[in-house]
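upload_9.pdb, holding PDB, C-alpha atoms and all ligand atoms:
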ATOM      1  CA  MET S  76     -91.173 -71.762-174.419  1.00  0.00           C
ATOM      2  CA  LYS S  77     -89.062 -74.109-172.361  1.00  0.00           C
ATOM      3  CA  VAL S  78     -89.039 -74.090-168.553  1.00  0.00           C
ATOM      4  CA  VAL S  79     -86.234 -75.917-166.779  1.00  0.00           C
ATOM      5  CA  GLY S  80     -86.412 -77.150-163.184  1.00  0.00           C
ATOM      6  CA  PHE S  81     -83.464 -77.845-160.883  1.00  0.00           C
ATOM      7  CA  VAL S  82     -83.985 -79.967-157.770  1.00  0.00           C
ATOM      8  CA  GLY S  83     -81.416 -79.262-155.069  1.00  0.00           C
ATOM      9  CA  SER S  84     -82.510 -82.068-152.752  1.00  0.00           C
ATOM     10  CA  PRO S  85     -80.852 -85.475-152.850  1.00  0.00           C
ATOM     11  CA  ARG S  86     -84.227 -87.070-152.023  1.00  0.00           C
ATOM     12  CA  GLU S  87     -85.769 -88.156-155.292  1.00  0.00           C
ATOM     13  CA  ASN S  88     -89.292 -88.261-153.920  1.00  0.00           C
ATOM     14  CA  GLY S  89     -88.968 -85.511-151.383  1.00  0.00           C
ATOM     15  CA  SER S  90     -91.029 -82.403-150.926  1.00  0.00           C
ATOM     16  CA  THR S  91     -88.705 -80.162-152.970  1.00  0.00           C
ATOM     17  CA  ASP S  92     -88.965 -82.495-155.950  1.00  0.00           C
ATOM     18  CA  ALA S  93     -92.756 -82.767-155.588  1.00  0.00           C
ATOM     19  CA  LEU S  94     -93.239 -79.013-155.346  1.00  0.00           C
ATOM     20  CA  ILE S  95     -91.035 -78.285-158.348  1.00  0.00           C
ATOM     21  CA  ARG S  96     -93.020 -80.854-160.339  1.00  0.00           C
ATOM     22  CA  GLU S  97     -96.210 -78.961-159.456  1.00  0.00           C
ATOM     23  CA  VAL S  98     -94.687 -75.678-160.695  1.00  0.00           C
ATOM     24  CA  LEU S  99     -93.644 -77.403-163.926  1.00  0.00           C
ATOM     25  CA  LYS S 100     -97.148 -78.842-164.322  1.00  0.00           C
ATOM     26  CA  GLY S 101     -98.513 -75.306-164.152  1.00  0.00           C
ATOM     27  CA  ALA S 102     -96.015 -74.187-166.793  1.00  0.00           C
ATOM     28  CA  GLU S 103     -97.044 -77.128-168.989  1.00  0.00           C
ATOM     29  CA  GLU S 104    -100.709 -76.206-168.587  1.00  0.00           C
ATOM     30  CA  ALA S 105     -99.788 -72.774-169.944  1.00  0.00           C
ATOM     31  CA  GLY S 106     -98.086 -74.387-172.944  1.00  0.00           C
ATOM     32  CA  ALA S 107     -94.468 -74.771-171.874  1.00  0.00           C
ATOM     33  CA  GLU S 108     -92.166 -77.632-172.665  1.00  0.00           C
ATOM     34  CA  THR S 109     -90.416 -78.641-169.439  1.00  0.00           C
ATOM     35  CA  ARG S 110     -87.290 -80.449-168.316  1.00  0.00           C
ATOM     36  CA  LEU S 111     -86.304 -81.469-164.796  1.00  0.00           C
ATOM     37  CA  TYR S 112     -82.799 -82.079-163.433  1.00  0.00           C
ATOM     38  CA  ASN S 113     -81.768 -83.382-160.033  1.00  0.00           C
ATOM     39  CA  LEU S 114     -78.529 -81.633-159.123  1.00  0.00           C
ATOM     40  CA  ALA S 115     -77.557 -84.370-156.652  1.00  0.00           C
ATOM     41  CA  GLN S 116     -77.469 -86.916-159.465  1.00  0.00           C
ATOM     42  CA  MET S 117     -75.166 -84.801-161.572  1.00  0.00           C
ATOM     43  CA  ASP S 118     -71.460 -84.188-161.580  1.00  0.00           C
ATOM     44  CA  ILE S 119     -71.313 -80.516-160.605  1.00  0.00           C
ATOM     45  CA  SER S 120     -68.201 -79.403-158.800  1.00  0.00           C
ATOM     46  CA  GLY S 121     -67.799 -76.207-156.839  1.00  0.00           C
ATOM     47  CA  CYS S 122     -66.442 -73.099-158.552  1.00  0.00           C
ATOM     48  CA  ARG S 123     -62.644 -73.287-158.795  1.00  0.00           C
ATOM     49  CA  ALA S 124     -62.202 -69.503-158.913  1.00  0.00           C
ATOM     50  CA  CYS S 125     -59.898 -69.897-161.911  1.00  0.00           C
ATOM     51  CA  MET S 126     -61.472 -66.764-163.445  1.00  0.00           C
ATOM     52  CA  GLY S 127     -61.520 -68.502-166.820  1.00  0.00           C
ATOM     53  CA  CYS S 128     -65.089 -67.263-167.239  1.00  0.00           C
ATOM     54  CA  LYS S 129     -63.930 -63.676-166.896  1.00  0.00           C
ATOM     55  CA  GLU S 130     -60.920 -64.028-169.183  1.00  0.00           C
ATOM     56  CA  GLY S 131     -62.856 -66.141-171.700  1.00  0.00           C
ATOM     57  CA  ASP S 132     -66.562 -66.383-172.380  1.00  0.00           C
ATOM     58  CA  GLY S 133     -67.642 -69.278-170.214  1.00  0.00           C
ATOM     59  CA  CYS S 134     -66.836 -71.825-167.532  1.00  0.00           C
ATOM     60  CA  GLU S 135     -63.811 -74.027-168.175  1.00  0.00           C
ATOM     61  CA  VAL S 136     -64.769 -76.785-165.751  1.00  0.00           C
ATOM     62  CA  ASP S 137     -65.717 -79.804-167.820  1.00  0.00           C
ATOM     63  CA  ASP S 138     -68.583 -81.391-165.927  1.00  0.00           C
ATOM     64  CA  ASP S 139     -72.388 -81.667-166.126  1.00  0.00           C
ATOM     65  CA  MET S 140     -72.819 -77.959-165.460  1.00  0.00           C
ATOM     66  CA  GLN S 141     -71.925 -77.419-169.121  1.00  0.00           C
ATOM     67  CA  ASP S 142     -75.271 -79.031-170.071  1.00  0.00           C
ATOM     68  CA  LEU S 143     -77.060 -76.809-167.583  1.00  0.00           C
ATOM     69  CA  TYR S 144     -75.451 -73.641-168.988  1.00  0.00           C
ATOM     70  CA  GLU S 145     -76.844 -74.688-172.349  1.00  0.00           C
ATOM     71  CA  GLU S 146     -80.284 -75.224-170.834  1.00  0.00           C
ATOM     72  CA  LEU S 147     -80.168 -71.848-169.101  1.00  0.00           C
ATOM     73  CA  HIS S 148     -79.248 -70.108-172.337  1.00  0.00           C
ATOM     74  CA  GLY S 149     -81.960 -71.958-174.261  1.00  0.00           C
ATOM     75  CA  CYS S 150     -84.863 -71.688-171.825  1.00  0.00           C
ATOM     76  CA  GLY S 151     -87.461 -69.000-171.179  1.00  0.00           C
ATOM     77  CA  GLY S 152     -88.139 -69.789-167.516  1.00  0.00           C
ATOM     78  CA  VAL S 153     -86.517 -71.488-164.561  1.00  0.00           C
ATOM     79  CA  VAL S 154     -87.570 -73.265-161.364  1.00  0.00           C
ATOM     80  CA  ILE S 155     -84.936 -73.740-158.660  1.00  0.00           C
ATOM     81  CA  GLY S 156     -85.693 -75.640-155.477  1.00  0.00           C
ATOM     82  CA  THR S 157     -83.742 -76.345-152.352  1.00  0.00           C
ATOM     83  CA  PRO S 158     -84.397 -77.798-148.936  1.00  0.00           C
ATOM     84  CA  ILE S 159     -83.077 -75.724-146.044  1.00  0.00           C
ATOM     85  CA  TYR S 160     -79.972 -77.453-144.698  1.00  0.00           C
ATOM     86  CA  PHE S 161     -78.405 -75.886-141.626  1.00  0.00           C
ATOM     87  CA  TYR S 162     -80.066 -72.510-142.190  1.00  0.00           C
ATOM     88  CA  ASN S 163     -79.121 -72.315-145.863  1.00  0.00           C
ATOM     89  CA  MET S 164     -79.468 -73.904-149.291  1.00  0.00           C
ATOM     90  CA  SER S 165     -78.263 -77.502-149.732  1.00  0.00           C
ATOM     91  CA  ALA S 166     -74.646 -78.081-150.796  1.00  0.00           C
ATOM     92  CA  GLN S 167     -75.851 -79.335-154.184  1.00  0.00           C
ATOM     93  CA  THR S 168     -77.787 -76.120-154.770  1.00  0.00           C
ATOM     94  CA  LYS S 169     -74.824 -74.052-153.589  1.00  0.00           C
ATOM     95  CA  ALA S 170     -72.420 -75.691-156.048  1.00  0.00           C
ATOM     96  CA  PHE S 171     -74.905 -74.951-158.852  1.00  0.00           C
ATOM     97  CA  THR S 172     -75.371 -71.380-157.622  1.00  0.00           C
ATOM     98  CA  ASP S 173     -71.641 -70.653-157.370  1.00  0.00           C
ATOM     99  CA  ARG S 174     -71.211 -71.921-160.916  1.00  0.00           C
ATOM    100  CA  LEU S 175     -73.746 -69.338-162.090  1.00  0.00           C
ATOM    101  CA  TYR S 176     -70.782 -66.964-161.717  1.00  0.00           C
ATOM    102  CA  ALA S 177     -69.870 -67.990-165.269  1.00  0.00           C
ATOM    103  CA  LEU S 178     -73.098 -66.358-166.464  1.00  0.00           C
ATOM    104  CA  LEU S 179     -71.547 -63.030-165.521  1.00  0.00           C
ATOM    105  CA  GLY S 180     -69.178 -61.376-167.955  1.00  0.00           C
ATOM    106  CA  PRO S 181     -66.765 -58.534-167.293  1.00  0.00           C
ATOM    107  CA  GLY S 182     -68.216 -55.822-165.064  1.00  0.00           C
ATOM    108  CA  PHE S 183     -70.929 -58.242-163.880  1.00  0.00           C
ATOM    109  CA  SER S 184     -72.686 -58.001-167.250  1.00  0.00           C
ATOM    110  CA  LYS S 185     -75.341 -60.680-167.714  1.00  0.00           C
ATOM    111  CA  ARG S 186     -74.400 -63.221-170.353  1.00  0.00           C
ATOM    112  CA  LEU S 187     -77.977 -64.526-170.468  1.00  0.00           C
ATOM    113  CA  GLY S 188     -79.059 -61.217-171.997  1.00  0.00           C
ATOM    114  CA  GLU S 189     -82.677 -61.078-170.961  1.00  0.00           C
ATOM    115  CA  ASP S 190     -83.465 -62.166-167.416  1.00  0.00           C
ATOM    116  CA  ARG S 191     -85.168 -65.545-167.105  1.00  0.00           C
ATOM    117  CA  PRO S 192     -88.307 -65.409-164.940  1.00  0.00           C
ATOM    118  CA  THR S 193     -87.710 -67.801-162.076  1.00  0.00           C
ATOM    119  CA  VAL S 194     -89.754 -69.557-159.400  1.00  0.00           C
ATOM    120  CA  PHE S 195     -87.850 -70.365-156.221  1.00  0.00           C
ATOM    121  CA  VAL S 196     -89.047 -73.371-154.211  1.00  0.00           C
ATOM    122  CA  VAL S 197     -87.905 -73.818-150.622  1.00  0.00           C
ATOM    123  CA  THR S 198     -88.799 -76.535-148.128  1.00  0.00           C
ATOM    124  CA  GLN S 199     -87.930 -76.634-144.468  1.00  0.00           C
ATOM    125  CA  GLY S 200     -88.539 -78.851-141.462  1.00  0.00           C
ATOM    126  CA  ALA S 201     -89.242 -75.981-139.079  1.00  0.00           C
ATOM    127  CA  ASP S 202     -92.868 -74.898-138.779  1.00  0.00           C
ATOM    128  CA  ASP S 203     -92.269 -71.129-138.677  1.00  0.00           C
ATOM    129  CA  PRO S 204     -92.354 -69.893-142.304  1.00  0.00           C
ATOM    130  CA  SER S 205     -90.650 -66.625-141.365  1.00  0.00           C
ATOM    131  CA  LEU S 206     -87.622 -68.315-139.783  1.00  0.00           C
ATOM    132  CA  PHE S 207     -85.348 -68.345-142.853  1.00  0.00           C
ATOM    133  CA  ARG S 208     -86.957 -65.467-144.736  1.00  0.00           C
ATOM    134  CA  PRO S 209     -83.831 -63.242-144.685  1.00  0.00           C
ATOM    135  CA  VAL S 210     -81.680 -66.090-146.021  1.00  0.00           C
ATOM    136  CA  ILE S 211     -84.264 -67.011-148.660  1.00  0.00           C
ATOM    137  CA  ASP S 212     -84.455 -63.386-149.822  1.00  0.00           C
ATOM    138  CA  LYS S 213     -80.662 -63.238-150.127  1.00  0.00           C
ATOM    139  CA  MET S 214     -80.587 -66.465-152.152  1.00  0.00           C
ATOM    140  CA  ALA S 215     -83.189 -64.987-154.510  1.00  0.00           C
ATOM    141  CA  GLU S 216     -81.079 -61.853-154.822  1.00  0.00           C
ATOM    142  CA  ALA S 217     -78.045 -63.966-155.776  1.00  0.00           C
ATOM    143  CA  PHE S 218     -79.997 -65.790-158.512  1.00  0.00           C
ATOM    144  CA  GLY S 219     -81.102 -62.396-159.811  1.00  0.00           C
ATOM    145  CA  LEU S 220     -77.513 -61.229-160.100  1.00  0.00           C
ATOM    146  CA  ALA S 221     -76.893 -64.066-162.553  1.00  0.00           C
ATOM    147  CA  GLY S 222     -80.016 -63.250-164.560  1.00  0.00           C
ATOM    148  CA  LEU S 223     -82.456 -65.668-162.923  1.00  0.00           C
ATOM    149  CA  SER S 224     -85.012 -63.184-161.747  1.00  0.00           C
ATOM    150  CA  VAL S 225     -87.124 -64.640-158.931  1.00  0.00           C
ATOM    151  CA  ARG S 226     -90.758 -63.702-159.495  1.00  0.00           C
ATOM    152  CA  ASP S 227     -92.272 -65.946-156.887  1.00  0.00           C
ATOM    153  CA  THR S 228     -91.117 -68.010-153.928  1.00  0.00           C
ATOM    154  CA  ILE S 229     -93.043 -71.108-152.876  1.00  0.00           C
ATOM    155  CA  LEU S 230     -92.172 -72.066-149.328  1.00  0.00           C
ATOM    156  CA  GLN S 231     -93.243 -75.216-147.570  1.00  0.00           C
ATOM    157  CA  ALA S 232     -92.664 -75.170-143.825  1.00  0.00           C
ATOM    158  CA  CYS S 233     -93.032 -78.240-141.628  1.00  0.00           C
ATOM    159  CA  SER S 234     -92.307 -80.355-144.680  1.00  0.00           C
ATOM    160  CA  ASP S 235     -92.752 -84.117-144.516  1.00  0.00           C
ATOM    161  CA  GLY S 236     -91.903 -85.446-147.948  1.00  0.00           C
ATOM    162  CA  ALA S 237     -93.847 -85.624-151.203  1.00  0.00           C
ATOM    163  CA  GLU S 238     -96.973 -86.886-149.409  1.00  0.00           C
ATOM    164  CA  GLY S 239     -97.219 -83.581-147.565  1.00  0.00           C
ATOM    165  CA  VAL S 240     -97.213 -81.691-150.869  1.00  0.00           C
ATOM    166  CA  LEU S 241     -99.814 -84.005-152.384  1.00  0.00           C
ATOM    167  CA  ARG S 242    -102.046 -83.553-149.305  1.00  0.00           C
ATOM    168  CA  ASP S 243    -101.878 -79.767-149.404  1.00  0.00           C
ATOM    169  CA  GLU S 244    -104.193 -78.612-152.183  1.00  0.00           C
ATOM    170  CA  GLU S 245    -103.660 -74.936-151.441  1.00  0.00           C
ATOM    171  CA  LEU S 246     -99.885 -75.317-151.780  1.00  0.00           C
ATOM    172  CA  GLN S 247    -100.280 -77.282-154.999  1.00  0.00           C
ATOM    173  CA  THR S 248    -102.536 -74.600-156.445  1.00  0.00           C
ATOM    174  CA  ARG S 249    -100.026 -71.896-155.474  1.00  0.00           C
ATOM    175  CA  ALA S 250     -97.210 -73.848-157.113  1.00  0.00           C
ATOM    176  CA  ARG S 251     -99.165 -74.426-160.331  1.00  0.00           C
ATOM    177  CA  GLU S 252    -100.172 -70.786-160.530  1.00  0.00           C
ATOM    178  CA  ALA S 253     -96.534 -69.755-160.126  1.00  0.00           C
ATOM    179  CA  GLY S 254     -95.632 -72.105-162.981  1.00  0.00           C
ATOM    180  CA  ARG S 255     -98.365 -70.741-165.229  1.00  0.00           C
ATOM    181  CA  ALA S 256     -97.278 -67.181-164.464  1.00  0.00           C
ATOM    182  CA  LEU S 257     -93.799 -67.910-165.822  1.00  0.00           C
ATOM    183  CA  LEU S 258     -95.304 -67.734-169.295  1.00  0.00           C
ATOM    184  CA  GLN S 259     -97.024 -64.373-168.806  1.00  0.00           C
TER     185      GLN S 259
HETATM  186  C1  LIG W   1     -78.606 -82.042-143.348  1.00  0.00           C
HETATM  187  C2  LIG W   1     -79.954 -81.461-143.063  1.00  0.00           C
HETATM  188  C3  LIG W   1     -80.043 -80.215-142.480  1.00  0.00           C
HETATM  189  C4  LIG W   1     -81.286 -79.631-142.234  1.00  0.00           C
HETATM  190  N1  LIG W   1     -81.333 -78.397-141.677  1.00  0.00           N
HETATM  191  C5  LIG W   1     -82.538 -77.808-141.472  1.00  0.00           C
HETATM  192  C6  LIG W   1     -82.614 -76.500-140.907  1.00  0.00           C
HETATM  193  O1  LIG W   1     -81.625 -75.849-140.612  1.00  0.00           O
HETATM  194  N2  LIG W   1     -83.846 -75.969-140.711  1.00  0.00           N
HETATM  195  C7  LIG W   1     -85.006 -76.646-141.038  1.00  0.00           C
HETATM  196  O2  LIG W   1     -86.097 -76.105-140.841  1.00  0.00           O
HETATM  197  N3  LIG W   1     -84.961 -77.882-141.580  1.00  0.00           N
HETATM  198  C8  LIG W   1     -83.761 -78.466-141.799  1.00  0.00           C
HETATM  199  N4  LIG W   1     -83.703 -79.717-142.364  1.00  0.00           N
HETATM  200  C9  LIG W   1     -84.959 -80.355-142.797  1.00  0.00           C
HETATM  201  C10 LIG W   1     -85.190 -80.174-144.287  1.00  0.00           C
HETATM  202  O3  LIG W   1     -85.108 -78.819-144.663  1.00  0.00           O
HETATM  203  C11 LIG W   1     -86.584 -80.640-144.680  1.00  0.00           C
HETATM  204  O4  LIG W   1     -86.793 -81.960-144.261  1.00  0.00           O
HETATM  205  C12 LIG W   1     -86.767 -80.529-146.180  1.00  0.00           C
HETATM  206  O5  LIG W   1     -88.109 -80.361-146.472  1.00  0.00           O
HETATM  207  C13 LIG W   1     -86.270 -81.730-146.934  1.00  0.00           C
HETATM  208  O6  LIG W   1     -86.615 -81.578-148.287  1.00  0.00           O
HETATM  209  P1  LIG W   1     -86.776 -82.867-149.238  1.00  0.00           P
HETATM  210  O7  LIG W   1     -88.001 -83.616-148.785  1.00  0.00           O
HETATM  211  O8  LIG W   1     -86.958 -82.304-150.588  1.00  0.00           O
HETATM  212  O9  LIG W   1     -85.545 -83.639-149.126  1.00  0.00           O
HETATM  213  C14 LIG W   1     -82.472 -80.336-142.576  1.00  0.00           C
HETATM  214  C15 LIG W   1     -82.383 -81.612-143.153  1.00  0.00           C
HETATM  215  C16 LIG W   1     -81.141 -82.174-143.388  1.00  0.00           C
HETATM  216  C17 LIG W   1     -81.060 -83.549-144.012  1.00  0.00           C
END
Please, can you express the file's structure as structure tokens?
Ligand SMILES: Cc1cc2nc3c(=O)[nH]c(=O)nc-3n(C[C@H](O)[C@H](O)[C@H](O)COP(=O)(O)O)c2cc1C
Amino acid sequence: MKVVGFVGSPRENGSTDALIREVLKGAEEAGAETRLYNLAQMDISGCRACMGCKEGDGCEVDDDMQDLYEELHGCGGVVIGTPIYFYNMSAQTKAFTDRLYALLGPGFSKRLGEDRPTVFVVTQGADDPSLFRPVIDKMAEAFGLAGLSVRDTILQACSDGAEGVLRDEELQTRAREAGRALLQ
């Protein structure tokens, strides 16, 4: 089974990237093949609301999201990670999320067929882990609408880059377990 990770932080060696890598390591330990994409390094425009995906069978915007649609169709599990930016997901993650609209057919039917089990990774600067919980839950709900069914959310509060993830053995263990569980 293939598990695909999407990093929504522009920082290549940030905490979101490091945590997603831990989840993917767990998935690999359980036998998965993995692939990691950084959304900030890709050409992914916002949804144009052309409704081409409702009149036809997919998104008409010709950019890197086309490769990611293919990955989403071909994979068995997903890891999505975003830093909290101004109380929400990053702009890069939002563009990706809006484009998931093309995974919905007429009547909000799911083009992916079977839901893909998904781990959601969130990092934030604030030290209170409950601060953005309502927003995080809503984001997870939105992924679910498109067929990316969030099974587990790994949240790092008070984040301070990849070093913080590598220092926190408990967090790493949690992330790896979540990755392993994607294959169960
Ligand atoms: C533009 C911007 C907005 C941010 N807004 C918030 C915020 O609203 N709440 C918060 O707790 N942290 C906020 N942060 C901090 C990031 O969420 C935090 O540093 C995050 O872990 C960065 O992830 P990264 O290391 O993967 O880049 C913000 C950071 C940036 C750059």
request  = For the point (-79.1, -72.5, -166.4) in the file's frame, write as a ChimeraX atom specification all residues with an atom no more than 12 Å away, counting only C-alpha atoms.
outcome  = /S:77-81,110-112,114,139-155,171-178,186-187,190-193,218,221-224
Could you give me, as a tab-separated table, a per-residue list for chain S showing, wherever an atom lies at most 9 Å from an atom of ligand LIG 1 (chain W), the closest pair of atoms and their distance in Å to one decimal, using all atoms listed in the file and sorting by chain then residue number from low to high?
residue	atom	partner	partner_atom	distance
S:Val82	CA	W:LIG1	O8	8.1
S:Gly83	CA	W:LIG1	O8	7.7
S:Ser84	CA	W:LIG1	O8	5.0
S:Pro85	CA	W:LIG1	O9	6.3
S:Arg86	CA	W:LIG1	O9	4.7
S:Glu87	CA	W:LIG1	O8	7.6
S:Asn88	CA	W:LIG1	O7	7.0
S:Gly89	CA	W:LIG1	O7	3.4
S:Ser90	CA	W:LIG1	O7	3.9
S:Thr91	CA	W:LIG1	O8	3.6
S:Asp92	CA	W:LIG1	O8	5.7
S:Ala93	CA	W:LIG1	O8	7.7
S:Leu94	CA	W:LIG1	O8	8.5
S:Gly156	CA	W:LIG1	O8	8.4
S:Thr157	CA	W:LIG1	O8	7.0
S:Pro158	CA	W:LIG1	O6	4.4
S:Ile159	CA	W:LIG1	O3	4.0
S:Tyr160	CA	W:LIG1	N1	3.4
S:Phe161	CA	W:LIG1	O1	3.4
S:Tyr162	CA	W:LIG1	O1	4.0
S:Asn163	CA	W:LIG1	O1	6.8
S:Met164	CA	W:LIG1	O3	8.8
S:Ser165	CA	W:LIG1	C1	7.8
S:Val197	CA	W:LIG1	O5	7.8
S:Thr198	CA	W:LIG1	O5	4.2
S:Gln199	CA	W:LIG1	O3	3.6
S:Gly200	CA	W:LIG1	N3	3.7
S:Ala201	CA	W:LIG1	O2	3.6
S:Asp202	CA	W:LIG1	O2	7.2
S:Asp203	CA	W:LIG1	O2	8.2
S:Pro204	CA	W:LIG1	O2	8.9
S:Leu206	CA	W:LIG1	O2	8.0
S:Phe207	CA	W:LIG1	O2	8.1
S:Gln231	CA	W:LIG1	O5	7.4
S:Ala232	CA	W:LIG1	O2	7.3
S:Cys233	CA	W:LIG1	O5	7.2
S:Ser234	CA	W:LIG1	O5	4.6
S:Asp235	CA	W:LIG1	O5	6.3
S:Gly236	CA	W:LIG1	O7	4.4
S:Ala237	CA	W:LIG1	O7	6.6
ask   = Which distance in Å separates CA of Phe183 (chain S) and CA of Gly127 (chain S), to one decimal?
value =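 Going from CA of Phe183 (chain S) over to CA of Gly127 (chain S) covers 14.2 Å.
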message = From the options S:Ile211, S:Ala166, S:Val225, S:Cys128, which residue's atoms come nearest to Leu179 (chain S), counting all atoms listed in the file?
response = S:Cys128
message = As a check of understanding, name the residues that the PyMOL selection byres (((chain S and resi 245-256) around 8) and not hetatm) selects in the supplied structure, as a PyMOL selection string.
response = chain S and resi 94-95+97-105+194+227+229+231+240-241+243-244+257-259
ask   = Expressed in Å to a single decimal, how great is the separation between CA of Lys169 (chain S) and CA of Gly121 (chain S)?
value = 8.0 Å
